[in-house]
file query.txt (compact mmCIF, C-alpha atoms and all ligand atoms)
# COMPACT_ATOMS: atom_id res chain seq x y z
CA MET A 1044 -41.73 7.50 108.66
CA THR A 1045 -38.62 6.06 110.24
CA SER A 1046 -35.43 7.13 108.60
CA SER A 1047 -33.43 4.21 107.30
CA THR A 1048 -29.82 3.60 108.19
CA ILE A 1049 -29.32 1.72 104.93
CA GLN A 1050 -27.09 3.78 102.71
CA PRO A 1051 -25.81 3.07 99.19
CA ARG A 1052 -22.15 3.43 98.26
CA GLU A 1053 -21.08 7.03 97.89
CA ALA A 1054 -20.66 6.61 94.13
CA VAL A 1055 -24.29 5.52 93.90
CA SER A 1056 -25.84 8.19 96.10
CA SER A 1057 -24.60 10.91 93.74
CA LEU A 1058 -25.72 9.18 90.54
CA PRO A 1059 -28.09 10.86 88.12
CA VAL A 1060 -31.24 8.80 87.51
CA TYR A 1061 -31.56 7.52 83.93
CA VAL A 1062 -34.46 9.39 82.40
CA ALA A 1063 -36.23 7.16 79.90
CA GLY A 1064 -38.15 8.74 77.04
CA LYS A 1065 -41.80 9.16 77.99
CA PRO A 1066 -44.75 8.06 75.88
CA ALA A 1067 -46.78 10.89 74.43
CA ALA A 1068 -49.89 12.00 76.29
CA SER A 1069 -52.88 11.90 74.01
CA ALA A 1070 -54.52 15.11 72.88
CA GLU A 1071 -57.98 15.74 71.47
CA GLY A 1072 -58.23 14.18 68.01
CA LEU A 1073 -54.50 13.51 67.66
CA THR A 1074 -52.75 10.14 67.53
CA PRO A 1075 -49.94 10.30 70.11
CA PHE A 1076 -46.39 9.56 68.92
CA LYS A 1077 -43.32 8.77 70.98
CA LEU A 1078 -40.32 10.53 69.49
CA SER A 1079 -38.31 10.48 72.69
CA SER A 1080 -36.36 7.19 72.73
CA ASN A 1081 -34.89 6.83 69.23
CA GLU A 1082 -36.91 3.70 68.67
CA ASN A 1083 -37.49 2.27 65.21
CA PRO A 1084 -41.06 3.16 64.19
CA LEU A 1085 -41.13 0.32 61.62
CA GLY A 1086 -40.35 -2.43 64.12
CA PRO A 1087 -38.50 -5.67 63.32
CA VAL A 1088 -38.65 -7.49 60.00
CA PRO A 1089 -41.55 -10.01 59.74
CA ALA A 1090 -39.24 -13.04 60.03
CA VAL A 1091 -38.56 -12.11 63.66
CA ALA A 1092 -42.10 -12.90 64.81
CA GLY A 1093 -41.85 -16.37 63.25
CA ALA A 1094 -38.48 -17.05 64.87
CA ILE A 1095 -39.78 -16.02 68.28
CA ALA A 1096 -42.86 -18.23 67.93
CA GLU A 1097 -40.61 -21.21 67.25
CA VAL A 1098 -38.66 -20.92 70.49
CA ASP A 1099 -39.83 -23.99 72.43
CA THR A 1100 -37.27 -23.93 75.23
CA LEU A 1101 -38.74 -21.30 77.52
CA HIS A 1102 -38.27 -23.60 80.52
CA ARG A 1103 -34.52 -23.92 79.84
CA TYR A 1104 -31.71 -21.44 80.45
CA PRO A 1105 -30.43 -19.92 77.21
CA ASN A 1106 -26.99 -20.60 75.69
CA PRO A 1107 -24.61 -19.19 78.30
CA GLY A 1108 -22.49 -17.45 75.69
CA ALA A 1109 -25.16 -16.85 73.04
CA GLU A 1110 -23.07 -19.12 70.78
CA LEU A 1111 -25.61 -19.33 67.97
CA LEU A 1112 -25.93 -15.58 67.72
CA ARG A 1113 -22.17 -15.09 67.97
CA ALA A 1114 -21.60 -17.63 65.21
CA GLU A 1115 -24.10 -15.80 63.01
CA LEU A 1116 -22.51 -12.43 63.80
CA ALA A 1117 -19.02 -13.81 63.15
CA GLN A 1118 -20.08 -14.76 59.66
CA HIS A 1119 -21.95 -11.52 59.10
CA LEU A 1120 -19.07 -9.29 60.27
CA GLN A 1121 -16.23 -11.56 59.10
CA VAL A 1122 -14.59 -11.65 62.52
CA PRO A 1123 -13.68 -14.59 64.79
CA MET A 1124 -16.51 -15.63 67.07
CA GLU A 1125 -14.15 -15.32 70.07
CA ASP A 1126 -13.90 -11.59 69.44
CA ILE A 1127 -17.63 -11.06 69.97
CA VAL A 1128 -19.18 -10.69 73.43
CA THR A 1129 -22.93 -10.29 73.71
CA GLY A 1130 -24.78 -8.31 76.35
CA THR A 1131 -28.17 -7.24 77.56
CA GLY A 1132 -28.37 -4.48 74.99
CA SER A 1133 -25.20 -2.69 73.99
CA LEU A 1134 -25.54 -0.99 77.34
CA GLY A 1135 -24.96 -4.40 78.91
CA ALA A 1136 -21.93 -4.88 76.66
CA LEU A 1137 -20.61 -1.43 77.61
CA THR A 1138 -21.11 -2.12 81.31
CA GLN A 1139 -18.92 -5.24 80.96
CA ILE A 1140 -16.14 -3.16 79.41
CA ILE A 1141 -16.29 -0.45 82.07
CA ASN A 1142 -16.45 -2.92 84.96
CA THR A 1143 -13.53 -4.86 83.50
CA PHE A 1144 -11.13 -1.99 82.88
CA ALA A 1145 -12.05 0.89 85.19
CA GLY A 1146 -12.88 1.30 88.85
CA THR A 1147 -11.16 2.39 92.01
CA GLY A 1148 -7.57 1.17 92.31
CA ALA A 1149 -6.11 -0.65 95.32
CA ASP A 1150 -4.53 2.69 96.30
CA GLY A 1151 -8.00 4.26 96.52
CA VAL A 1152 -7.38 6.39 93.45
CA GLN A 1153 -10.07 6.30 90.79
CA ASP A 1154 -9.41 5.30 87.19
CA GLU A 1155 -10.62 7.83 84.65
CA VAL A 1156 -13.07 7.23 81.83
CA LEU A 1157 -13.14 9.97 79.25
CA TYR A 1158 -16.12 10.73 77.04
CA PRO A 1159 -17.63 13.61 75.08
CA TRP A 1160 -20.45 15.57 76.63
CA ARG A 1161 -23.26 15.93 75.97
CA SER A 1162 -23.50 12.36 74.81
CA PHE A 1163 -25.43 9.23 75.76
CA GLU A 1164 -26.80 9.81 79.23
CA ALA A 1165 -26.12 6.27 80.35
CA TYR A 1166 -22.35 6.92 80.26
CA PRO A 1167 -22.05 8.77 83.60
CA ILE A 1168 -24.22 6.19 85.32
CA VAL A 1169 -22.25 3.18 84.11
CA VAL A 1170 -18.87 4.80 84.77
CA ARG A 1171 -19.66 6.09 88.25
CA THR A 1172 -21.34 2.85 89.31
CA ALA A 1173 -18.08 1.06 88.53
CA GLY A 1174 -16.35 3.42 90.98
CA ALA A 1175 -14.40 5.15 88.22
CA LYS A 1176 -14.15 8.88 87.68
CA ASP A 1177 -15.79 10.29 84.61
CA VAL A 1178 -14.06 13.06 82.69
CA GLN A 1179 -16.46 14.85 80.37
CA VAL A 1180 -15.00 16.74 77.42
CA PRO A 1181 -17.42 19.33 76.00
CA LEU A 1182 -18.55 18.90 72.40
CA ALA A 1183 -17.54 21.49 69.81
CA ALA A 1184 -20.15 24.13 68.97
CA ASP A 1185 -21.50 22.13 66.03
CA GLY A 1186 -22.30 19.12 68.20
CA ARG A 1187 -19.24 17.15 67.07
CA HIS A 1188 -16.66 15.45 69.29
CA ASP A 1189 -13.76 17.77 70.09
CA LEU A 1190 -11.15 15.07 69.49
CA ASP A 1191 -8.18 17.40 70.07
CA ALA A 1192 -9.53 18.34 73.47
CA MET A 1193 -10.25 14.68 74.21
CA ALA A 1194 -6.70 13.65 73.32
CA ALA A 1195 -5.37 16.46 75.50
CA ALA A 1196 -7.54 15.31 78.42
CA ILE A 1197 -5.99 11.83 78.53
CA SER A 1198 -3.98 11.40 81.73
CA ALA A 1199 -1.90 8.65 83.29
CA ARG A 1200 -5.12 7.58 85.05
CA THR A 1201 -7.21 7.25 81.88
CA ARG A 1202 -8.24 3.64 81.30
CA ILE A 1203 -11.06 4.02 78.78
CA VAL A 1204 -12.17 6.57 76.19
CA LEU A 1205 -15.72 6.44 74.81
CA LEU A 1206 -16.54 7.72 71.34
CA CYS A 1207 -20.17 7.89 70.23
CA THR A 1208 -20.79 7.97 66.49
CA PRO A 1209 -23.26 9.20 65.43
CA ASN A 1210 -23.38 11.10 68.70
CA ASN A 1211 -26.54 10.78 70.74
CA PRO A 1212 -28.17 13.32 71.14
CA THR A 1213 -26.52 15.83 68.76
CA GLY A 1214 -26.24 13.66 65.61
CA PRO A 1215 -22.87 14.14 63.86
CA ALA A 1216 -20.77 11.09 62.92
CA LEU A 1217 -17.01 10.65 63.11
CA THR A 1218 -14.97 10.03 59.97
CA GLN A 1219 -12.36 7.31 59.51
CA ALA A 1220 -9.64 9.94 59.14
CA GLU A 1221 -10.67 11.66 62.38
CA VAL A 1222 -10.66 8.46 64.41
CA GLU A 1223 -7.37 7.18 62.93
CA ASP A 1224 -5.81 10.50 63.82
CA PHE A 1225 -7.20 10.30 67.32
CA LEU A 1226 -6.07 6.71 67.90
CA ALA A 1227 -2.51 7.71 67.04
CA LYS A 1228 -2.57 9.99 70.09
CA VAL A 1229 -4.03 7.45 72.51
CA PRO A 1230 -1.66 5.28 74.61
CA GLN A 1231 -1.84 1.58 73.70
CA ASP A 1232 -3.06 0.59 77.16
CA VAL A 1233 -6.15 2.79 77.00
CA VAL A 1234 -9.28 1.01 75.72
CA VAL A 1235 -11.10 3.05 73.08
CA VAL A 1236 -14.78 2.10 72.85
CA VAL A 1237 -16.63 3.21 69.73
CA ASP A 1238 -20.37 3.19 70.41
CA GLU A 1239 -22.07 2.65 67.04
CA ALA A 1240 -25.68 2.25 68.11
CA TYR A 1241 -26.80 4.08 64.94
CA GLN A 1242 -24.13 2.74 62.56
CA GLU A 1243 -26.60 1.65 59.88
CA PHE A 1244 -28.10 5.15 59.59
CA MET A 1245 -24.85 6.93 58.64
CA ARG A 1246 -24.66 8.51 55.21
CA ILE A 1247 -21.32 10.31 55.08
CA ASN A 1248 -18.44 9.93 52.65
CA ASP A 1249 -15.76 8.69 55.00
CA PRO A 1250 -17.61 6.93 57.84
CA VAL A 1251 -15.46 5.35 60.49
CA ASP A 1252 -14.80 1.69 59.66
CA THR A 1253 -14.58 0.37 63.18
CA LEU A 1254 -14.10 -3.24 62.19
CA ALA A 1255 -11.00 -2.26 60.19
CA LEU A 1256 -9.76 -0.27 63.19
CA TYR A 1257 -10.28 -3.14 65.63
CA ARG A 1258 -8.23 -5.39 63.31
CA GLN A 1259 -5.32 -2.93 63.48
CA HIS A 1260 -5.63 -1.75 67.07
CA PRO A 1261 -5.85 -4.27 69.94
CA ASN A 1262 -7.18 -1.48 72.21
CA VAL A 1263 -10.30 -0.72 70.13
CA ALA A 1264 -13.70 -2.14 71.11
CA VAL A 1265 -16.72 -1.75 68.84
CA LEU A 1266 -20.18 -1.52 70.40
CA ARG A 1267 -23.32 -2.38 68.42
CA THR A 1268 -26.96 -3.06 69.16
CA PHE A 1269 -30.12 -4.65 67.81
CA SER A 1270 -32.22 -1.93 69.45
CA LYS A 1271 -32.19 0.68 66.68
CA ALA A 1272 -31.81 -0.44 63.03
CA HIS A 1273 -33.15 -3.93 63.80
CA GLY A 1274 -36.09 -2.58 65.80
CA LEU A 1275 -35.58 -5.01 68.69
CA ALA A 1276 -35.23 -2.59 71.62
CA ALA A 1277 -37.66 -4.59 73.77
CA LEU A 1278 -35.53 -7.74 73.59
CA ARG A 1279 -32.31 -6.18 74.92
CA VAL A 1280 -29.51 -7.54 72.83
CA GLY A 1281 -26.22 -5.95 71.82
CA TYR A 1282 -22.55 -6.87 71.58
CA SER A 1283 -18.97 -5.74 71.51
CA VAL A 1284 -16.26 -6.71 69.05
CA ALA A 1285 -12.67 -6.53 70.25
CA ALA A 1286 -9.42 -8.51 70.24
CA GLN A 1287 -8.74 -11.34 72.68
CA PRO A 1288 -6.80 -9.27 75.27
CA ILE A 1289 -10.06 -7.39 75.83
CA THR A 1290 -12.74 -10.02 75.26
CA GLU A 1291 -11.21 -12.75 77.43
CA HIS A 1292 -11.84 -10.52 80.46
CA LEU A 1293 -15.26 -9.28 79.38
CA ARG A 1294 -16.83 -12.70 79.69
CA LYS A 1295 -15.96 -12.71 83.40
CA THR A 1296 -17.94 -9.54 84.11
CA ALA A 1297 -20.95 -10.40 81.92
CA VAL A 1298 -24.22 -11.14 83.68
CA PRO A 1299 -24.70 -14.89 83.08
CA PHE A 1300 -27.45 -15.70 80.55
CA GLY A 1301 -27.74 -12.00 79.70
CA VAL A 1302 -29.19 -12.71 76.25
CA SER A 1303 -32.44 -14.65 76.40
CA ALA A 1304 -33.28 -17.47 74.00
CA VAL A 1305 -36.02 -15.31 72.52
CA ALA A 1306 -33.66 -12.40 71.96
CA GLU A 1307 -31.06 -14.69 70.42
CA ALA A 1308 -33.56 -16.25 67.99
CA ALA A 1309 -34.91 -12.82 67.02
CA ALA A 1310 -31.47 -11.32 66.45
CA ILE A 1311 -30.39 -14.26 64.27
CA ALA A 1312 -33.58 -14.01 62.18
CA SER A 1313 -33.02 -10.29 61.72
CA LEU A 1314 -29.40 -10.78 60.62
CA ARG A 1315 -30.57 -13.34 58.06
CA HIS A 1316 -32.84 -10.68 56.53
CA MET A 1317 -30.31 -7.87 56.55
CA ASP A 1318 -31.45 -6.57 53.15
CA GLU A 1319 -34.91 -5.98 54.55
CA VAL A 1320 -33.47 -4.41 57.70
CA LEU A 1321 -31.40 -2.01 55.61
CA GLY A 1322 -34.41 -1.27 53.41
CA ARG A 1323 -36.29 -0.11 56.49
CA VAL A 1324 -33.31 1.92 57.62
CA GLU A 1325 -33.28 3.59 54.21
CA ARG A 1326 -36.92 4.61 54.63
CA ILE A 1327 -36.07 6.24 57.94
CA VAL A 1328 -33.03 7.97 56.43
CA GLU A 1329 -35.27 9.34 53.65
CA GLU A 1330 -37.70 10.64 56.25
CA ARG A 1331 -34.77 12.20 58.11
CA GLN A 1332 -33.68 14.03 54.96
CA ARG A 1333 -37.25 15.19 54.34
CA VAL A 1334 -37.61 16.56 57.88
CA ILE A 1335 -34.23 18.31 57.78
CA ALA A 1336 -35.01 19.93 54.43
CA ALA A 1337 -38.36 21.18 55.75
CA LEU A 1338 -36.75 22.54 58.90
CA ALA A 1339 -34.05 24.30 56.90
CA GLU A 1340 -36.76 25.88 54.79
CA ALA A 1341 -38.43 27.10 57.98
CA GLY A 1342 -35.18 28.72 59.08
CA TRP A 1343 -33.90 26.15 61.57
CA THR A 1344 -30.26 25.10 61.77
CA VAL A 1345 -29.65 21.56 62.95
CA PRO A 1346 -26.31 19.79 63.37
CA GLU A 1347 -25.47 17.03 60.88
CA ALA A 1348 -28.00 14.32 61.74
CA GLN A 1349 -26.56 10.85 61.07
CA GLY A 1350 -28.73 8.79 63.41
CA ASN A 1351 -32.51 8.28 63.48
CA PHE A 1352 -32.96 11.54 65.38
CA LEU A 1353 -32.09 15.20 65.22
CA TRP A 1354 -31.07 17.87 67.67
CA LEU A 1355 -32.50 21.32 68.18
CA ALA A 1356 -30.06 23.43 70.15
CA LEU A 1357 -32.81 25.42 71.85
CA GLY A 1358 -30.89 26.32 74.99
CA ASP A 1359 -33.25 27.89 77.54
CA GLN A 1360 -36.24 27.19 75.31
CA ALA A 1361 -35.74 23.43 75.39
CA LEU A 1362 -38.38 22.69 77.99
CA ASP A 1363 -40.84 25.14 76.46
CA PHE A 1364 -40.48 23.50 73.07
CA ALA A 1365 -40.97 20.04 74.57
CA GLN A 1366 -44.16 21.26 76.23
CA ALA A 1367 -45.39 22.71 72.95
CA ALA A 1368 -44.70 19.32 71.35
CA GLY A 1369 -46.66 17.65 74.15
CA VAL A 1370 -49.69 19.78 73.32
CA GLN A 1371 -49.46 18.26 69.82
CA ALA A 1372 -49.27 14.74 71.38
CA LEU A 1373 -45.60 14.39 70.44
CA ALA A 1374 -43.22 13.17 73.13
CA VAL A 1375 -39.71 14.54 72.52
CA ARG A 1376 -36.62 14.47 74.72
CA ALA A 1377 -35.66 17.76 76.34
CA PHE A 1378 -32.31 18.38 77.99
CA VAL A 1379 -33.03 21.40 80.15
CA GLY A 1380 -31.03 24.46 79.16
CA GLU A 1381 -29.40 22.63 76.24
CA GLY A 1382 -31.72 21.36 73.57
CA VAL A 1383 -34.29 18.86 72.38
CA ARG A 1384 -33.69 15.49 70.70
CA VAL A 1385 -36.42 14.36 68.34
CA THR A 1386 -36.61 10.84 66.90
CA ILE A 1387 -37.51 10.40 63.24
CA GLY A 1388 -40.81 8.55 63.51
CA GLU A 1389 -43.83 7.67 61.43
CA PRO A 1390 -44.46 10.06 58.50
CA GLU A 1391 -47.55 11.45 60.25
CA ALA A 1392 -45.48 12.15 63.38
CA ASN A 1393 -42.75 13.80 61.31
CA ASP A 1394 -45.32 15.96 59.50
CA ARG A 1395 -46.71 17.15 62.81
CA PHE A 1396 -43.22 17.87 64.12
CA ILE A 1397 -42.38 19.90 61.00
CA GLU A 1398 -45.58 21.89 61.45
CA LEU A 1399 -44.69 22.54 65.08
CA CYS A 1400 -41.28 23.87 64.05
CA ARG A 1401 -42.88 26.12 61.43
CA THR A 1402 -45.26 27.66 63.92
CA TYR A 1403 -43.37 27.50 67.20
CA SER A 1404 -43.74 30.88 68.82
CA GLY A 1405 -40.27 30.73 70.31
CA GLY A 1406 -39.18 31.12 66.70
CA PRO A 1407 -36.47 29.35 64.75
CA MET A 1408 -33.16 29.04 66.53
CA THR A 1409 -29.92 29.38 64.66
CA ALA A 1410 -27.74 29.79 67.72
CA LEU A 1411 -25.91 26.52 67.40
CA THR A 1412 -23.04 27.53 65.17
CA GLU A 1413 -22.91 31.16 66.26
C1 LIG A 1501 -29.76 3.51 72.05
C2 LIG A 1501 -28.31 3.60 72.34
C3 LIG A 1501 -27.61 2.48 72.75
C4 LIG A 1501 -28.29 1.14 72.74
O1 LIG A 1501 -28.69 0.73 73.92
P1 LIG A 1501 -29.21 -0.78 74.05
O2 LIG A 1501 -28.79 -1.08 75.43
O3 LIG A 1501 -28.50 -1.60 73.05
O4 LIG A 1501 -30.66 -0.73 73.82
C5 LIG A 1501 -26.26 2.56 72.98
N1 LIG A 1501 -25.61 3.71 72.80
C6 LIG A 1501 -26.24 4.80 72.38
C7 LIG A 1501 -25.47 6.04 72.14
C8 LIG A 1501 -27.61 4.78 72.16
O5 LIG A 1501 -28.23 5.89 71.76

call {"tool": "encode", "arguments": {"input": "query.txt", "output": "structure tokens", "more": "lines below"}}
Ligand SMILES: *Cc1c(COP(=O)(O)O)cnc(C)c1O
result
Amino acid sequence: MTSSTIQPREAVSSLPVYVAGKPAASAEGLTPFKLSSNENPLGPVPAVAGAIAEVDTLHRYPNPGAELLRAELAQHLQVPMEDIVTGTGSLGALTQIINTFAGTGADGVQDEVLYPWRSFEAYPIVVRTAGAKDVQVPLAADGRHDLDAMAAAISARTRIVLLCTPNNPTGPALTQAEVEDFLAKVPQDVVVVVDEAYQEFMRINDPVDTLALYRQHPNVAVLRTFSKAHGLAALRVGYSVAAQPITEHLRKTAVPFGVSAVAEAAAIASLRHMDEVLGRVERIVEERQRVIAALAEAGWTVPEAQGNFLWLALGDQALDFAQAAGVQALAVRAFVGEGVRVTIGEPEANDRFIELCRTYSGGPMTALTE
């Protein structure tokens, strides 16, 4: 082997590698289930397959600005089309925002991007790739954002703050009152991104109304995706909603033709059957409530789960639990030394997960709020 002299940028050489959820290994007599990527087990609504089959322009480039999808979204969300920017998944939309507003300044000093931690593991990768400095603010003990600590961590260098509600992987959602309070403490020139990948799954009294906030605050950007509630993760389509001072710059950093014609047609079809989409979401929410009740009965404490997943704060037992799940042909997502995130899946998968929790030899953990 010759050693190569090709070296990546320093910011890249120290990056963590994104760990995608693994499929379950099969076990004797058991159907394997993947509960490690927060995918929608019910898939897209039937109309999506028809819409995809009708796309007859595969030899052409798609709409450069996904105009048809943006027009549909504008109507659906009651916002101007100009305020919507699509991306290759909401991760693509987030990358546009980071690349636009944070990096390394002309003076060599890095901009800061603040976010809660643990949260979505793509955040450090996107932020550091842009050349910005990430500032991670630890979650409170119950898995919620520590918004006071986040406000206190804002410096003159802070360009962007990321909020994740419901928070992946711990589950709690932010309330409107909490976020309004927080925004009052954030300087006007700091962009506040609210990542709402699981927005449709929230069932709390005072959920954050991000569209109302974006109408009042020109520094708020809302991030949404078709990957979760709509069951279109394979097609990679998401978007941001923000006022013109933000969106006019985002289009410059977007990868051209980032949303394919197939993805655009599928997303439009799904939006036109929103009742069905929300019906499927409701089935998953009901399963979530069933699993949580069963776990509580077995002595487990889990943080408020407002997405299509729940969090077991297993600490040092995280890897052991994930291995025990693997033996049952369930793939779950372990964060070594911290906990395990488990997606709400098919009823059979959820039953097997409940049984695993009942019998897990490591025993129920109630350490989270202690
Ligand atoms: C799944 C997820 C996304 C969505 O990613 P896509 O790129 O739209 O598939 C964004 N944010 C969080 C917190 C997620 O969990």

call {"tool": "residues_near_ligand", "arguments": {"input": "query.txt", "ligand": "ligand LIG 1501 (chain A)", "cutoff": "6 Å", "atoms": "only C-alpha atoms and all ligand atoms", "output": "PyMOL selection string"}}
result
chain A and resi 1132-1134+1163+1207+1211+1238+1240+1268+1270+1276+1279+1281

call {"tool": "closest_atom_pairs", "arguments": {"input": "query.txt", "of": "range 1324-1367 of chain A", "to": "range 1375-1381 of chain A", "cutoff": "7 Å", "atoms": "only C-alpha atoms", "output": "JSON lines"}}
result
{"residue": "A:Ala1356", "atom": "CA", "partner": "A:Glu1381", "partner_atom": "CA", "distance": 6.2}
{"residue": "A:Leu1357", "atom": "CA", "partner": "A:Glu1381", "partner_atom": "CA", "distance": 6.2}
{"residue": "A:Gly1358", "atom": "CA", "partner": "A:Glu1381", "partner_atom": "CA", "distance": 4.2}
{"residue": "A:Asp1359", "atom": "CA", "partner": "A:Gly1380", "partner_atom": "CA", "distance": 4.4}
{"residue": "A:Ala1361", "atom": "CA", "partner": "A:Ala1377", "partner_atom": "CA", "distance": 5.7}
{"residue": "A:Leu1362", "atom": "CA", "partner": "A:Ala1377", "partner_atom": "CA", "distance": 5.9}
{"residue": "A:Ala1365", "atom": "CA", "partner": "A:Val1375", "partner_atom": "CA", "distance": 6.0}

call {"tool": "residues_near_point", "arguments": {"input": "query.txt", "point": "(-37.9, 32.0, 72.9)", "cutoff": "8 Å", "atoms": "only C-alpha atoms", "output": "NGL selection string"}}
result
:A and (1359-1360 or 1404-1406)

call {"tool": "residues_around", "arguments": {"input": "query.txt", "residues": "Thr1402 in chain A", "least_positions_apart": "2", "cutoff": "12 Å", "atoms": "only C-alpha atoms", "output": "list in words"}}
result
Leu1338, Ala1341, Gly1342, Trp1343, Phe1364, Ala1367, Ala1368, Gln1371, Arg1395, Phe1396, Ile1397, Glu1398, Leu1399, Cys1400, Ser1404, Gly1405, Gly1406 and Pro1407 of chain A

call {"tool": "residues_around", "arguments": {"input": "query.txt", "residues": "His1102 in chain A", "least_positions_apart": "3", "cutoff": "12 Å", "atoms": "only C-alpha atoms", "output": "JSON, numbers by chain"}}
result
{"A": [1098, 1099, 1105, 1303, 1304, 1305]}

call {"tool": "residues_around", "arguments": {"input": "query.txt", "residues": "range 1202-1206 of chain A", "least_positions_apart": "3", "cutoff": "9 Å", "atoms": "only C-alpha atoms", "output": "ChimeraX atom specification"}}
result
/A:1140-1141,1144-1145,1154-1159,1166,1188,1193,1197-1199,1210,1217,1229,1232-1239

call {"tool": "closest_residue", "arguments": {"input": "query.txt", "among": "A:Ala1094, A:Leu1085, A:Ala1184, A:Ala1054", "to": "Gly1322 in chain A", "atoms": "all atoms listed in the file"}}
result
A:Leu1085

call {"tool": "closest_residue", "arguments": {"input": "query.txt", "among": "A:Val1302, A:Ala1285, A:Ile1247, A:Ala1255", "to": "Pro1215 in chain A", "atoms": "all atoms listed in the file"}}
result
A:Ile1247

call {"tool": "atom_distance", "arguments": {"input": "query.txt", "atom1": "CA of Asn1106 in chain A", "atom2": "CA of Thr1172 in chain A"}}
result
27.7 Å

call {"tool": "closest_residue", "arguments": {"input": "query.txt", "among": "A:Thr1253, A:Thr1074, A:Thr1296, A:Ser1313", "to": "Leu1120 in chain A", "atoms": "all atoms listed in the file"}}
result
A:Thr1253

call {"tool": "atom_distance", "arguments": {"input": "query.txt", "atom1": "CA of Leu1293 in chain A", "atom2": "CA of Val1128 in chain A"}}
result
7.3 Å

call {"tool": "atom_distance", "arguments": {"input": "query.txt", "atom1": "CA of Val1169 in chain A", "atom2": "CA of Glu1115 in chain A"}}
result
28.4 Å

call {"tool": "residues_around", "arguments": {"input": "query.txt", "residues": "Gly1174 in chain A", "least_positions_apart": "2", "cutoff": "6 Å", "atoms": "only C-alpha atoms", "output": "VMD selection string"}}
result
chain A and resid 1146 to 1147 1171 to 1172

call {"tool": "write_last_selection", "arguments": {"input": "query.txt", "atoms": "C-alpha atoms", "output": "PDB file, keeping the file's coordinate frame"}}
result
ATOM      1  CA  GLY A1146     -12.880   1.300  88.850  1.00  0.00           C
ATOM      2  CA  THR A1147     -11.160   2.390  92.010  1.00  0.00           C
ATOM      3  CA  ARG A1171     -19.660   6.090  88.250  1.00  0.00           C
ATOM      4  CA  THR A1172     -21.340   2.850  89.310  1.00  0.00           C
TER       5      THR A1172
END

call {"tool": "axis_aligned_box", "arguments": {"input": "query.txt", "around": "range 1331-1337 of chain A", "padding_each_side": "3 Å", "output": "AutoDock Vina command-line options"}}
result
--center_x -36.0 --center_y 16.7 --center_z 56.2 --size_x 10.7 --size_y 15.0 --size_z 9.8

call {"tool": "closest_residue", "arguments": {"input": "query.txt", "among": "A:Phe1300, A:Glu1223, A:Ala1308, A:Gly1151", "to": "Arg1103 in chain A", "atoms": "only C-alpha atoms"}}
result
A:Phe1300

call {"tool": "residues_around", "arguments": {"input": "query.txt", "residues": "Val1251 in chain A", "least_positions_apart": "6", "cutoff": "7 Å", "atoms": "all atoms listed in the file", "output": "ChimeraX atom specification"}}
result
/A:1217-1219,1222

call {"tool": "closest_residue", "arguments": {"input": "query.txt", "among": "A:Leu1116, A:Lys1228, A:Gln1332, A:Glu1221", "to": "Asp1252 in chain A", "atoms": "all atoms listed in the file"}}
result
A:Glu1221

call {"tool": "closest_residue", "arguments": {"input": "query.txt", "among": "A:Gly1072, A:Gly1108, A:Gly1350, A:Pro1167", "to": "Gln1242 in chain A", "atoms": "all atoms listed in the file"}}
result
A:Gly1350
